[in-house]
$ cat my_file_15.cif   # mmCIF, C-alpha atoms
data_model
loop_
_atom_site.label_atom_id
_atom_site.label_comp_id
_atom_site.auth_asym_id
_atom_site.auth_seq_id
_atom_site.Cartn_x
_atom_site.Cartn_y
_atom_site.Cartn_z
CA THR A 27 193.88 136.14 -33.25
CA VAL A 28 196.36 137.54 -35.77
CA ALA A 29 193.52 138.10 -38.25
CA GLY A 30 191.66 139.95 -35.52
CA TYR A 31 194.63 142.27 -34.96
CA ALA A 32 194.91 142.94 -38.70
CA GLN A 33 191.22 143.87 -38.95
CA SER A 34 191.11 146.02 -35.84
CA ILE A 35 194.22 148.12 -36.53
CA GLU A 36 194.08 150.65 -39.37
CA LYS A 37 196.93 150.17 -41.85
CA CYS A 38 198.32 147.32 -39.81
CA SER A 39 201.76 146.34 -41.14
CA MET A 40 203.45 142.94 -41.09
CA LEU A 41 205.98 144.29 -38.62
CA THR A 42 203.18 145.39 -36.30
CA LEU A 43 201.63 141.92 -36.53
CA LEU A 44 204.98 140.33 -35.68
CA GLU A 45 205.39 142.57 -32.65
CA LEU A 46 201.87 141.76 -31.45
CA ALA A 47 202.34 138.03 -32.10
CA GLN A 48 205.55 137.93 -30.09
CA GLY A 49 203.85 139.72 -27.20
CA ASP A 50 200.71 137.58 -27.22
CA GLU A 51 201.27 134.36 -25.29
CA SER A 52 198.49 132.51 -27.12
CA ILE A 53 200.21 133.21 -30.45
CA SER A 54 203.84 132.99 -29.39
CA LYS A 55 203.27 129.36 -28.37
CA ALA A 56 202.85 128.57 -32.08
CA ASP A 57 206.60 128.61 -32.66
CA ASN A 58 206.45 127.58 -36.32
CA PHE A 59 203.95 130.33 -37.21
CA VAL A 60 205.91 133.07 -35.43
CA ARG A 61 209.21 131.89 -36.93
CA ARG A 62 207.81 131.98 -40.48
CA LEU A 63 206.21 135.37 -39.88
CA LYS A 64 209.58 136.67 -38.71
CA GLN A 65 211.30 135.22 -41.76
CA VAL A 66 208.88 137.08 -44.05
CA CYS A 67 209.37 140.30 -42.09
CA GLN A 68 213.14 140.08 -42.62
CA LEU A 69 212.63 140.83 -46.32
CA PRO A 70 213.66 144.41 -47.18
CA VAL A 71 210.34 145.02 -48.95
CA ILE A 72 208.56 144.61 -45.60
CA GLN A 73 210.91 146.85 -43.63
CA THR A 74 209.34 150.12 -44.70
CA THR A 75 206.38 152.28 -43.73
CA HIS A 76 205.87 153.31 -47.38
CA ASP A 77 202.98 151.11 -48.41
CA ILE A 78 200.89 150.52 -51.55
CA ASP A 79 197.15 151.03 -51.44
CA LEU A 80 196.10 147.72 -52.99
CA THR A 81 192.41 148.44 -52.53
CA GLY A 82 192.75 151.83 -54.19
CA VAL A 83 194.63 150.41 -57.20
CA ILE A 84 191.97 147.75 -57.76
CA LYS A 85 189.04 150.13 -57.33
CA ARG A 86 190.48 152.91 -59.51
CA GLY A 87 191.96 150.61 -62.10
CA GLY A 88 195.62 150.34 -62.97
CA VAL A 89 198.53 147.95 -63.39
CA LEU A 90 200.18 146.37 -60.37
CA TYR A 91 203.32 144.37 -61.20
CA VAL A 92 204.75 142.13 -58.50
CA ARG A 93 208.23 140.72 -59.02
CA GLY A 94 208.41 137.47 -57.10
CA SER A 95 210.87 134.59 -56.86
CA THR A 96 211.01 130.93 -57.79
CA ASP A 97 213.66 129.87 -55.29
CA ASN A 98 213.53 132.23 -52.29
CA HIS A 99 211.18 130.58 -49.80
CA ARG A 100 210.55 133.80 -47.91
CA VAL A 101 209.56 135.66 -51.07
CA LYS A 102 207.34 132.75 -52.14
CA MET A 103 205.52 132.86 -48.80
CA LEU A 104 205.00 136.60 -49.14
CA GLN A 105 203.80 136.48 -52.75
CA THR A 106 201.24 133.82 -51.83
CA MET A 107 200.03 135.99 -48.96
CA LEU A 108 199.80 138.96 -51.34
CA LEU A 109 197.73 136.94 -53.83
CA ILE A 110 195.34 135.89 -51.07
CA ARG A 111 194.98 139.53 -50.00
CA ILE A 112 194.24 140.62 -53.58
CA LEU A 113 191.58 137.91 -53.87
CA GLN A 114 190.01 139.19 -50.63
CA ILE A 115 189.86 142.72 -52.06
CA ILE A 116 188.31 141.47 -55.30
CA LYS A 117 185.67 139.60 -53.33
CA ALA A 118 184.89 142.64 -51.18
CA ASN A 119 184.70 144.79 -54.31
CA GLY A 120 181.76 142.71 -55.48
CA GLY A 121 182.59 142.88 -59.17
CA ALA A 122 182.37 146.68 -59.33
CA ARG A 123 185.47 146.73 -61.56
CA LYS A 124 186.82 144.05 -63.86
CA VAL A 125 190.15 142.67 -62.69
CA ALA A 126 192.65 140.54 -64.62
CA LEU A 127 195.15 138.41 -62.71
CA ILE A 128 198.23 137.17 -64.57
CA LEU A 129 199.85 134.44 -62.49
CA ASP A 130 203.17 133.53 -64.08
CA GLU A 131 204.94 130.35 -62.89
CA PHE A 132 201.67 129.34 -61.27
CA LYS A 133 203.21 126.42 -59.38
CA HIS A 134 204.92 128.92 -57.06
CA LEU A 135 201.54 130.55 -56.26
CA LEU A 136 199.57 127.34 -56.01
CA CYS A 137 197.79 126.80 -52.72
CA ALA A 138 194.33 125.75 -51.57
CA VAL A 139 193.07 129.36 -51.66
CA SER A 140 194.35 130.14 -55.17
CA LEU A 141 192.98 126.81 -56.41
CA ASP A 142 189.53 127.51 -54.96
CA ALA A 143 189.60 130.99 -56.51
CA LEU A 144 189.72 129.54 -60.04
CA GLY A 145 186.10 128.50 -59.72
CA THR A 146 184.85 131.77 -58.22
CA VAL A 147 186.79 134.68 -59.74
CA ARG A 148 184.48 134.94 -62.76
CA GLU A 149 181.50 135.44 -60.46
CA LEU A 150 183.42 138.33 -58.87
CA GLY A 151 184.05 140.13 -62.17
CA ALA A 152 187.62 138.89 -62.52
CA HIS A 153 189.53 136.42 -64.63
CA ALA A 154 192.90 134.75 -64.24
CA LEU A 155 195.62 133.89 -66.75
CA LEU A 156 197.77 131.01 -65.53
CA ALA A 157 201.21 130.29 -67.00
CA HIS A 158 203.20 127.18 -66.11
CA GLN A 159 205.78 124.93 -67.73
CA SER A 160 203.99 121.59 -67.64
CA MET A 161 201.03 119.76 -66.15
CA GLY A 162 203.51 118.18 -63.76
CA ASP A 163 203.91 121.61 -62.13
CA LEU A 164 200.41 121.22 -60.71
CA GLY A 165 201.58 118.45 -58.43
CA MET A 166 204.47 120.32 -56.82
CA CYS A 167 202.55 122.09 -54.05
CA PRO A 168 202.86 120.40 -50.64
CA GLY A 169 199.50 119.17 -49.43
CA LEU A 170 197.91 119.15 -52.91
CA ARG A 171 197.88 116.12 -55.19
CA ARG A 172 198.24 116.46 -58.95
CA GLU A 173 195.23 114.21 -59.57
CA ASP A 174 193.12 116.65 -57.54
CA VAL A 175 194.62 119.87 -58.91
CA GLU A 176 194.88 119.12 -62.65
CA PRO A 177 191.15 118.54 -63.33
CA ARG A 178 190.20 121.75 -61.51
CA VAL A 179 192.72 123.79 -63.49
CA VAL A 180 191.70 122.25 -66.83
CA ASP A 181 187.95 122.53 -66.15
CA ASN A 182 188.09 126.13 -64.90
CA THR A 183 190.22 127.53 -67.74
CA THR A 184 188.01 128.12 -70.76
CA LEU A 185 190.84 129.27 -73.03
CA LYS A 186 193.97 127.13 -73.16
CA LEU A 187 197.13 127.78 -75.15
CA ILE A 188 199.33 124.70 -75.33
CA TYR A 189 202.93 124.79 -76.49
CA ARG A 190 205.16 121.81 -77.26
CA ILE A 191 204.63 118.88 -74.89
CA ASN A 192 207.24 116.21 -74.28
CA ASP A 193 205.10 113.98 -72.08
CA ALA A 194 203.24 111.29 -74.06
CA LYS A 195 200.38 110.94 -71.57
CA THR A 196 199.70 114.69 -71.50
CA SER A 197 199.86 114.83 -75.32
CA ALA A 198 197.29 112.04 -75.52
CA ASN A 199 194.99 113.85 -73.08
CA PHE A 200 195.03 117.08 -75.09
CA ALA A 201 194.59 115.19 -78.35
CA ALA A 202 191.43 113.63 -76.92
CA LEU A 203 190.32 117.07 -75.67
CA SER A 204 190.59 118.50 -79.20
CA GLY A 205 187.68 116.36 -80.38
CA LYS A 206 187.33 114.10 -83.39
CA GLN A 207 186.75 114.65 -87.08
CA ARG A 208 185.44 112.32 -89.77
CA THR A 209 187.95 111.08 -92.31
CA HIS A 210 188.21 108.42 -94.99
CA ILE A 211 190.95 105.84 -95.46
CA GLU A 212 191.74 104.65 -98.92
CA GLY A 213 192.40 100.98 -99.54
CA ILE A 214 192.85 98.58 -102.44
CA ARG A 215 191.02 95.31 -102.53
CA GLY A 216 192.66 92.70 -104.72
CA LEU A 217 190.44 90.74 -107.11
CA ASP A 218 191.12 87.86 -109.49
CA ASP A 219 193.43 88.05 -112.49
CA GLU A 220 190.66 88.91 -114.94
CA ARG A 221 189.61 92.05 -113.08
CA LYS A 222 191.65 95.02 -111.94
CA ASP A 223 192.19 95.88 -108.26
CA GLN A 224 189.34 97.90 -106.77
CA ARG A 225 189.84 100.97 -104.60
CA THR A 226 187.84 101.22 -101.41
CA TRP A 227 187.15 104.03 -98.94
CA THR A 228 186.51 103.36 -95.27
CA GLU A 229 185.01 106.02 -93.02
CA SER A 230 186.90 106.59 -89.79
CA GLN A 231 187.39 109.17 -87.05
CA GLU A 232 190.61 110.73 -85.85
CA PHE A 233 191.53 113.42 -83.36
CA LEU A 234 191.34 116.97 -84.66
CA MET A 235 194.80 117.55 -83.19
CA SER A 236 196.86 114.37 -83.07
CA GLU A 237 199.36 113.54 -80.34
CA ASP A 238 202.20 114.11 -82.83
CA ILE A 239 201.15 117.73 -83.31
CA PHE A 240 201.63 118.51 -79.62
CA THR A 241 205.06 116.85 -79.48
CA ARG A 242 206.31 118.64 -82.62
CA LEU A 243 205.06 122.19 -82.18
CA HIS A 244 207.67 124.75 -83.19
CA ARG A 245 209.54 126.32 -80.31
CA PRO A 246 212.06 129.19 -80.67
CA SER A 247 215.66 128.10 -80.24
CA ASP A 248 217.38 131.50 -80.14
CA GLY A 249 216.73 135.20 -79.73
CA LYS A 250 216.22 135.86 -83.43
CA ASP A 251 213.48 133.26 -83.89
CA VAL A 252 210.83 134.49 -81.48
CA VAL A 253 207.74 132.99 -83.12
CA ALA A 254 206.29 129.94 -81.39
CA ALA A 255 203.48 127.64 -82.44
CA GLY A 256 200.68 126.53 -80.13
CA VAL A 257 197.26 124.96 -80.05
CA LEU A 258 194.39 127.15 -78.85
CA PHE A 259 191.42 125.56 -77.09
CA GLY A 260 188.19 127.28 -76.14
CA HIS A 261 187.47 129.47 -79.19
CA LYS A 262 185.34 127.27 -81.45
CA SER A 263 187.35 124.23 -82.57
CA ALA A 264 190.93 123.65 -81.44
CA LYS A 265 193.28 125.39 -83.86
CA LEU A 266 196.97 125.97 -84.55
CA ILE A 267 198.18 129.53 -83.97
CA ALA A 268 201.46 131.44 -84.06
CA VAL A 269 202.53 133.47 -81.02
CA SER A 270 205.10 136.27 -81.01
CA PRO A 271 205.90 138.97 -78.43
CA ILE A 272 205.11 142.61 -79.13
CA GLN A 273 208.35 144.38 -79.95
CA VAL A 274 208.86 147.40 -77.68
CA LYS A 275 211.49 150.05 -78.31
CA GLY A 276 213.53 151.56 -75.54
CA MET A 277 214.45 150.35 -72.08
CA PRO A 278 211.93 149.40 -69.40
CA PRO A 279 211.36 152.05 -66.74
CA SER A 280 213.52 151.85 -63.67
CA ILE A 281 211.82 151.01 -60.39
CA ALA A 282 212.98 152.71 -57.22
CA PRO A 283 212.66 150.47 -54.14
CA ALA A 284 210.79 151.74 -51.12
CA PRO A 285 213.15 153.26 -48.53
CA ILE A 286 214.04 150.94 -45.67
CA ASP A 287 213.17 152.31 -42.24
CA SER A 288 216.11 151.53 -39.99
CA ILE A 289 213.95 151.81 -36.90
CA VAL A 290 211.98 148.72 -37.88
CA THR A 291 214.74 146.63 -39.40
CA ILE A 292 215.02 143.05 -38.14
CA ALA A 293 218.71 142.31 -38.12
CA THR A 294 219.11 138.63 -37.25
CA PRO A 295 218.39 136.23 -40.13
CA GLU A 296 217.07 132.74 -39.58
CA VAL A 297 217.55 129.65 -41.67
CA LEU A 298 214.33 128.43 -43.27
CA ILE A 299 213.68 124.80 -42.38
#
$ encode --input "my_file_15.cif" --output "structure tokens"
Amino acid sequence: TVAGYAQSIEKCSMLTLLELAQGDESISKADNFVRRLKQVCQLPVIQTTHDIDLTGVIKRGGVLYVRGSTDNHRVKMLQTMLLIRILQIIKANGGARKVALILDEFKHLLCAVSLDALGTVRELGAHALLAHQSMGDLGMCPGLRREDVEPRVVDNTTLKLIYRINDAKTSANFAALSGKQRTHIEGIRGLDDERKDQRTWTESQEFLMSEDIFTRLHRPSDGKDVVAAGVLFGHKSAKLIAVSPIQVKGMPPSIAPAPIDSIVTIATPEVLI
């Protein structure tokens, strides 16, 4: 019903949806849904009539930067909703324009919809860059198990850049993923006293990138040392690379928040359970 309201009303805002949900008996009975919708609408970013034309930005081309949160549950709900909306626009756009999604701290955006999108965005003319701290992050979304999420993320990301790993199991998995190379092991076979020892060479195979490489990759320890080492997968054979940020002079541009409309402000906060 809420989706029907959103589709039928031009430029339907979250505040309008909340008002309609509270006045519709069939929706208001879903107390948990209405409470969470109200919690999202209490965010200052929602309490304005000055909107952003997401569809226009994607169709024309441009940069849309969304500053989210890792600990505010209301912001996390909203940023997940925003990601789902962007994915809907990309799908409706039918690949008419290439779109790049950079999803930093992916565990805070992880949900069934974003997970399913990993396997379909390329067909829609888009690609996604996922950044997260560890493979363990992929098991921190309620309702999704790590053993179900991890293979889908690994299989659907062609290019992978791995920094230092402290988990032995994960290091072993990426070492195996790097492939094997042929090598030779030198040995000495002892003979009798009349003949000298004889050197031997035994052919063997070892991982292209050993587990020790992943656990000992260089990581910057202070602001001066900004170069990090990583292992790149997906471009020919796995290889060691150095990564450093692009140095930019000057201060970042200031961002003016949208004005809050006092006539639509929701004053009473609720505790998120």
$ closest_residue --input "my_file_15.cif" --among "A:Val253, A:Ile211, A:Ala282, A:Leu164" --to "A:Glu131" --atoms "all atoms listed in the file"
A:Leu164
$ resolve_selection --input "my_file_15.cif" --expression "the PyMOL selection byres ((chain A and resi 96) around 10)" --output "PyMOL selection string"
chain A and resi 94-95+97-99+101-102+131+133-135
$ atom_distance --input "my_file_15.cif" --atom1 "atom CA of A:Asp79" --atom2 "atom CA of A:Ala138"
25.4 Å
$ atom_distance --input "my_file_15.cif" --atom1 "atom CA of A:Arg178" --atom2 "atom CA of A:Ala126"
19.2 Å
$ residues_around --input "my_file_15.cif" --residues "stretch 107-121 of chain A" --least-positions-apart "5" --cutoff "7 Å" --atoms "all atoms listed in the file" --output "VMD selection string"
chain A and resid 81 139 150 to 151
$ write_last_selection --input "my_file_15.cif" --atoms "C-alpha atoms" --output "PDB file, in the frame of the given file"
ATOM      1  CA  THR A  81     192.410 148.440 -52.530  1.00  0.00           C
ATOM      2  CA  VAL A 139     193.070 129.360 -51.660  1.00  0.00           C
ATOM      3  CA  LEU A 150     183.420 138.330 -58.870  1.00  0.00           C
ATOM      4  CA  GLY A 151     184.050 140.130 -62.170  1.00  0.00           C
TER       5      GLY A 151
END
$ closest_residue --input "my_file_15.cif" --among "A:Thr74, A:Ala154, A:Gly82, A:Met103" --to "A:Phe59" --atoms "all atoms listed in the file"
A:Met103
$ resolve_selection --input "my_file_15.cif" --expression "the PyMOL selection byres ((chain A and resi 72) around 12)" --output "VMD selection string"
chain A and resid 39 to 44 63 to 71 73 to 78 100 to 101 104 to 105 108 283 to 288 290 to 292
$ write_last_selection --input "my_file_15.cif" --atoms "C-alpha atoms" --output "mmCIF file, in the frame of the given file"
data_model
loop_
_atom_site.group_PDB
_atom_site.id
_atom_site.type_symbol
_atom_site.label_atom_id
_atom_site.label_comp_id
_atom_site.auth_asym_id
_atom_site.auth_seq_id
_atom_site.Cartn_x
_atom_site.Cartn_y
_atom_site.Cartn_z
ATOM 1 C CA SER A 39 201.760 146.340 -41.140
ATOM 2 C CA MET A 40 203.450 142.940 -41.090
ATOM 3 C CA LEU A 41 205.980 144.290 -38.620
ATOM 4 C CA THR A 42 203.180 145.390 -36.300
ATOM 5 C CA LEU A 43 201.630 141.920 -36.530
ATOM 6 C CA LEU A 44 204.980 140.330 -35.680
ATOM 7 C CA LEU A 63 206.210 135.370 -39.880
ATOM 8 C CA LYS A 64 209.580 136.670 -38.710
ATOM 9 C CA GLN A 65 211.300 135.220 -41.760
ATOM 10 C CA VAL A 66 208.880 137.080 -44.050
ATOM 11 C CA CYS A 67 209.370 140.300 -42.090
ATOM 12 C CA GLN A 68 213.140 140.080 -42.620
ATOM 13 C CA LEU A 69 212.630 140.830 -46.320
ATOM 14 C CA PRO A 70 213.660 144.410 -47.180
ATOM 15 C CA VAL A 71 210.340 145.020 -48.950
ATOM 16 C CA GLN A 73 210.910 146.850 -43.630
ATOM 17 C CA THR A 74 209.340 150.120 -44.700
ATOM 18 C CA THR A 75 206.380 152.280 -43.730
ATOM 19 C CA HIS A 76 205.870 153.310 -47.380
ATOM 20 C CA ASP A 77 202.980 151.110 -48.410
ATOM 21 C CA ILE A 78 200.890 150.520 -51.550
ATOM 22 C CA ARG A 100 210.550 133.800 -47.910
ATOM 23 C CA VAL A 101 209.560 135.660 -51.070
ATOM 24 C CA LEU A 104 205.000 136.600 -49.140
ATOM 25 C CA GLN A 105 203.800 136.480 -52.750
ATOM 26 C CA LEU A 108 199.800 138.960 -51.340
ATOM 27 C CA PRO A 283 212.660 150.470 -54.140
ATOM 28 C CA ALA A 284 210.790 151.740 -51.120
ATOM 29 C CA PRO A 285 213.150 153.260 -48.530
ATOM 30 C CA ILE A 286 214.040 150.940 -45.670
ATOM 31 C CA ASP A 287 213.170 152.310 -42.240
ATOM 32 C CA SER A 288 216.110 151.530 -39.990
ATOM 33 C CA VAL A 290 211.980 148.720 -37.880
ATOM 34 C CA THR A 291 214.740 146.630 -39.400
ATOM 35 C CA ILE A 292 215.020 143.050 -38.140
#
$ atom_distance --input "my_file_15.cif" --atom1 "atom CA of A:Gln48" --atom2 "atom CA of A:Cys137"
26.4 Å
$ resolve_selection --input "my_file_15.cif" --expression "the PyMOL selection byres ((chain A and resi 195-206) around 7)" --output "ChimeraX atom specification"
/A:191,193-194,207-208,231-237,240-241,264
$ closest_residue --input "my_file_15.cif" --among "A:Asn58, A:Leu187, A:Pro271, A:Ile128" --to "A:Val89" --atoms "all atoms listed in the file"
A:Ile128
$ closest_residue --input "my_file_15.cif" --among "A:Leu141, A:Ile188, A:Ala122, A:Val60" --to "A:Ala47" --atoms "all atoms listed in the file"
A:Val60
$ closest_residue --input "my_file_15.cif" --among "A:Asn182, A:Ser247, A:Ser52, A:Thr228" --to "A:Arg148" --atoms "only C-alpha atoms"
A:Asn182
$ axis_aligned_box --input "my_file_15.cif" --around "stretch 87-90 of chain A" --padding-each-side "8 Å" --output "AutoDock Vina command-line options"
--center_x 196.1 --center_y 148.5 --center_z -61.9 --size_x 24.2 --size_y 20.2 --size_z 19.0
$ residues_around --input "my_file_15.cif" --residues "A:Ile267" --least-positions-apart "6" --cutoff "9 Å" --atoms "all atoms listed in the file" --output "ChimeraX atom specification"
/A:254-258
$ closest_residue --input "my_file_15.cif" --among "A:Gly88, A:Gly49, A:Pro278, A:Pro177" --to "A:Leu144" --atoms "all atoms listed in the file"
A:Pro177
$ residues_around --input "my_file_15.cif" --residues "A:Gly165" --least-positions-apart "3" --cutoff "9 Å" --atoms "only C-alpha atoms" --output "compact mmCIF listing (two decimals) with C-alpha atoms, keeping the file's coordinate frame"
# COMPACT_ATOMS: atom_id res chain seq x y z
CA LYS A 133 203.21 126.42 -59.38
CA MET A 161 201.03 119.76 -66.15
CA GLY A 162 203.51 118.18 -63.76
CA PRO A 168 202.86 120.40 -50.64
CA LEU A 170 197.91 119.15 -52.91
CA ARG A 171 197.88 116.12 -55.19
CA ARG A 172 198.24 116.46 -58.95
CA GLU A 173 195.23 114.21 -59.57
CA ASP A 174 193.12 116.65 -57.54
CA VAL A 175 194.62 119.87 -58.91
CA GLU A 176 194.88 119.12 -62.65
